[in-house]
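Have a look at the structure below before the remarks.
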Amino acid sequence: MKKNDMSYEQAVARLGEIVESLEKGNMPLSQSLTFFEEGTALIKYCTQLLDNAEQKVVMLKKGTDGDPVELPFEEET
Amino acid sequence: MAEKKIYSVSELNGLIKELFDATPLFLQIAVRGELSNYKVYPSGHHYFTLKDSESSLKCVMFKSSAVKLRFKPENGMSVTAFGRISVYPRDGAYQLYCSALMPEGTGDLQVAFEQLKKKLDEEGLFDPSHKKPLPTYPEKIAVITSSAGAAVHDMIRILSHRWPMTKVMLLPVRVQGTEAPAEIAGAIRYANRHELADLIITGRGGGSIEDLWAFNDERVARAIYESTIPVISAVGHEPDVTISDYVADKRASTPSNAAEIAVPDASEERMALESFGIRASQAMDKRVKHLRTELNNLSTRRVMQNAGAYLDDRRIELDHMRDKLAASMEAQLGLKQREQAKLAASLDAMSPLRVLMRGYAIALNDRGETVRSVKRLRSGETLHLRVSDGSANCTVNEIIEENANEKE
């Protein structure tokens, strides 16, 4: 899967796998390096996701056909 | 003397009814007693008798009031009944037109709560094995609560503070009043039908037990139970526990607490990412260090220090080997040669001519046989005596036999 299509959850799961394999240390060095690079890129990717996240809040109303319709939600004060 | 009016039964009962209805005390009265003869008619009206040790009172509770009952009245229960006393003209009997019943000793809501809790528990709605795990990183959260009030405000604030990656979808519902349970249950089913979210939070802020009552409704409980989307129930304050809390996959003590349970904390997540980074770097460092040590160990060996010297050594070794080989070959060859010479020598030694050369002679008789014993000889016989370079004819003069017995 391409990194940019990954959800945060998928990215973190992959990251966990990579770190564990690196810690086991039983793969060839060249593969370790590839994993290390991938892990570093994933950390950057996840951090960016966190940095750029902006909460979306919508109000759902049942449309005339019964399907949900998203409306902007403004809090009543 | 006043003329005595004769009344019809209906007229009299009508008068008595008017009298009752004009008595303020009877319009709103509370009476305590024990329930007996409790009957629910198909019409939905409830009929029962209230009694104590000495007396009894007929009561009716019309459907409109009976549907508001939050517990199931049972014979023998001590209750307080609220209502008005009036006359049923057809029977000429007065009775209590009951508008509300409250069990003695406990609030009726509490009794209803316990009854529903027992029923749903027995049905398995609280079974821990039915509870679904919550997603670690929910992508969409459906919040089913009132669009007004502190609860929704608190939840949105905490969700956006902790985990702004989640999309929050508010499904506004009434959270108190008679319409509330149906609206809440409907919204839960709607969210499931349209797969709106991967997590549902439903609840409301604190209030009286009556305010929270919608979350003790069986319809809400069943909708939560049947939801394929995990549900967090968040009703009131910490000590308030509702039926929804028991059925939900997770109970939150307050709406704010629900938001905290629902999503991870971004700052903790950043630390987790950082620690992943540290672990990866440490693993790599360890790996590289290990490889370097291995490399060092190898490079301290002479071959790596001075390849030329190593080769010289090998060359010398090779020469030594070659010498050894040659020597061994020669040794082998010399031995063979000596063996051969010895063999030839012994063959030579065996040759009869060599024997004759050493001064021996062979005697042959005239038939050409070698003479080996004196017993075969006769005196006067001619013998040929063969020596190394010729032979001579000789005559036997005397036979001297060595005495064999002497030797013995």
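Residues in the structure tokens are named by chain (A, B, ... in the order shown) and by number from 1 within that chain; ligands are numbered from 1 in the order shown.
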message = Tell me as JSON, numbers by chain which residues belonging to chain A come within 9 Å of chain B, counting only C-alpha atoms.
response = {"A": [8, 9, 12, 15, 16, 18, 19, 20, 22, 23, 24, 25, 29, 32, 33, 36, 39, 40, 43, 44, 46, 47, 49, 50, 52, 53, 54, 55, 56, 57, 58, 59, 60, 61, 67, 68, 70, 73, 75, 76, 77]}
Write the residues of the selection above to a file with C-alpha atoms, as an mmCIF file, in the first residue's frame.
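In the end it all went to selection_9.cif:
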```cif
data_model
loop_
_atom_site.group_PDB
_atom_site.id
_atom_site.type_symbol
_atom_site.label_atom_id
_atom_site.label_comp_id
_atom_site.auth_asym_id
_atom_site.auth_seq_id
_atom_site.Cartn_x
_atom_site.Cartn_y
_atom_site.Cartn_z
ATOM 1 C CA TYR A 8 -3.132 6.693 10.639
ATOM 2 C CA GLU A 9 -4.041 3.343 12.147
ATOM 3 C CA VAL A 12 1.086 3.027 13.075
ATOM 4 C CA LEU A 15 5.494 1.185 12.085
ATOM 5 C CA GLY A 16 5.102 -1.183 15.018
ATOM 6 C CA ILE A 18 9.029 -2.430 11.434
ATOM 7 C CA VAL A 19 10.379 -1.480 14.837
ATOM 8 C CA GLU A 20 9.880 -4.998 16.129
ATOM 9 C CA LEU A 22 14.528 -4.060 13.582
ATOM 10 C CA GLU A 23 14.793 -4.971 17.246
ATOM 11 C CA LYS A 24 14.939 -8.666 16.415
ATOM 12 C CA GLY A 25 17.870 -7.794 14.165
ATOM 13 C CA LEU A 29 21.716 -5.206 6.892
ATOM 14 C CA SER A 32 17.370 -3.292 7.959
ATOM 15 C CA LEU A 33 18.331 -0.045 6.302
ATOM 16 C CA PHE A 36 14.689 1.929 8.986
ATOM 17 C CA GLY A 39 9.939 3.543 9.599
ATOM 18 C CA THR A 40 11.375 7.030 9.638
ATOM 19 C CA ILE A 43 6.826 8.537 11.685
ATOM 20 C CA LYS A 44 7.041 11.677 9.592
ATOM 21 C CA CYS A 46 1.927 10.133 11.051
ATOM 22 C CA THR A 47 3.220 13.323 12.615
ATOM 23 C CA LEU A 49 -1.354 13.673 9.821
ATOM 24 C CA LEU A 50 -1.534 14.835 13.423
ATOM 25 C CA ASN A 52 -2.601 18.857 9.718
ATOM 26 C CA ALA A 53 -5.716 17.372 11.287
ATOM 27 C CA GLU A 54 -8.574 19.750 11.736
ATOM 28 C CA GLN A 55 -11.669 18.499 13.444
ATOM 29 C CA LYS A 56 -14.686 18.304 11.203
ATOM 30 C CA VAL A 57 -17.981 18.548 13.016
ATOM 31 C CA VAL A 58 -21.216 18.156 11.100
ATOM 32 C CA MET A 59 -24.821 17.775 12.024
ATOM 33 C CA LEU A 60 -26.683 14.967 10.329
ATOM 34 C CA LYS A 61 -30.293 15.310 9.329
ATOM 35 C CA ASP A 67 -30.452 9.305 3.530
ATOM 36 C CA PRO A 68 -28.332 11.408 5.851
ATOM 37 C CA GLU A 70 -24.647 16.789 6.405
ATOM 38 C CA PHE A 73 -22.910 22.439 13.003
ATOM 39 C CA GLU A 75 -23.005 25.204 18.657
ATOM 40 C CA GLU A 76 -25.946 26.792 20.327
ATOM 41 C CA THR A 77 -24.699 28.825 23.218
#
```
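CA of Pro24 (chain B) sits 23.1 Å away from CA of Ser64 (chain B).
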query = What's the 7 Å shell around Met155 (chain B), counting only C-alpha atoms, without same-chain residues fewer than 6 positions away, as a ChimeraX atom specification?
reply = /B:255-256,259
Okay, now the selection with N, CA and C atoms, as a JSON list (two decimals), in the first residue's frame?
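Saved to selection.json:
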```
[["chain", "number", "residue", "atom", "x", "y", "z"],
["B", 255, "PRO", "N", -20.28, 12.72, 29.75],
["B", 255, "PRO", "CA", -20.02, 12.93, 28.32],
["B", 255, "PRO", "C", -18.55, 13.29, 28.04],
["B", 256, "SER", "N", -17.95, 14.11, 28.90],
["B", 256, "SER", "CA", -16.53, 14.45, 28.71],
["B", 256, "SER", "C", -15.67, 13.21, 28.78],
["B", 259, "ALA", "N", -15.73, 11.25, 25.60],
["B", 259, "ALA", "CA", -14.84, 11.79, 24.57],
["B", 259, "ALA", "C", -13.40, 11.35, 24.83]]
```
inquiry  = If we count only C-alpha atoms and set the cut-off at 12 Å, which residues sit around Ser244 (chain B), ignoring sequence neighbours fewer than 4 positions away in its own chain? Please answer as a ChimeraX atom specification.
reply    = /B:113,116-117,120-121,125-126,181,184-185,201-204,212-225,231-236,240,248-253
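Near region 52-56 of chain B, within a cut-off of 7 Å and counting only C-alpha atoms, sit the residues Gly33, Glu34, Thr49, Leu50 and Lys58 of chain B, with same-chain residues fewer than 2 positions away left out.
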Suppose we keep C-alpha atoms; can you now write the selection as a PDB file, in the first residue's frame?
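For reference, again.pdb as written:
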```pdb
ATOM      1  CA  GLY B  33     -52.799   0.724  50.484  1.00  0.00           C
ATOM      2  CA  GLU B  34     -51.933  -2.693  49.176  1.00  0.00           C
ATOM      3  CA  THR B  49     -58.394  -2.677  44.532  1.00  0.00           C
ATOM      4  CA  LEU B  50     -56.474  -0.856  47.213  1.00  0.00           C
ATOM      5  CA  LYS B  58     -61.988   0.235  44.002  1.00  0.00           C
TER       6      LYS B  58
END
```
request  = Using backbone DSSP assignments, extract all alpha helix (DSSP H) residues from region 7-233 of chain B; output them as JSON, numbers by chain.
outcome  = {"B": [9, 10, 11, 12, 13, 14, 15, 16, 17, 18, 19, 20, 21, 24, 25, 26, 27, 63, 64, 65, 66, 108, 109, 110, 111, 112, 113, 114, 115, 116, 117, 118, 119, 120, 121, 122, 123, 150, 151, 152, 153, 154, 155, 156, 157, 158, 159, 160, 161, 162, 180, 181, 182, 183, 184, 185, 186, 187, 188, 189, 190, 191, 192, 193, 218, 219, 220, 221, 222, 223, 224, 225, 226]}
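Here CA of Arg189 (chain B) is placed at a distance of 16.0 Å from CA of Val175 (chain B).
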task = Would you mind telling me which residue in B:Lys375, B:Ala341, B:Leu15, B:Val173 lies nearest to Glu402 (chain B) when using only C-alpha atoms?
result = B:Lys375
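Pairwise distance (CA of Asp285 (chain B), CA of Ser299 (chain B)) equals 20.5 Å.
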key: Residue list (strand (DSSP E), DSSP) for region 231-307 of chain B, as number ranges by chain   = B: 231-235, 250-252
Just write the chosen residues, C-alpha atoms, as a PDB file, in the first residue's frame.
```
ATOM      1  CA  VAL B 231     -21.550   2.254  21.621  1.00  0.00           C
ATOM      2  CA  ILE B 232     -20.247   4.334  24.509  1.00  0.00           C
ATOM      3  CA  SER B 233     -22.951   5.346  26.947  1.00  0.00           C
ATOM      4  CA  ALA B 234     -22.372   8.630  28.736  1.00  0.00           C
ATOM      5  CA  VAL B 235     -25.248   9.678  30.936  1.00  0.00           C
ATOM      6  CA  LYS B 250     -18.370   0.887  27.290  1.00  0.00           C
ATOM      7  CA  ARG B 251     -19.726   3.075  30.039  1.00  0.00           C
ATOM      8  CA  ALA B 252     -18.387   6.573  30.465  1.00  0.00           C
TER       9      ALA B 252
END
```
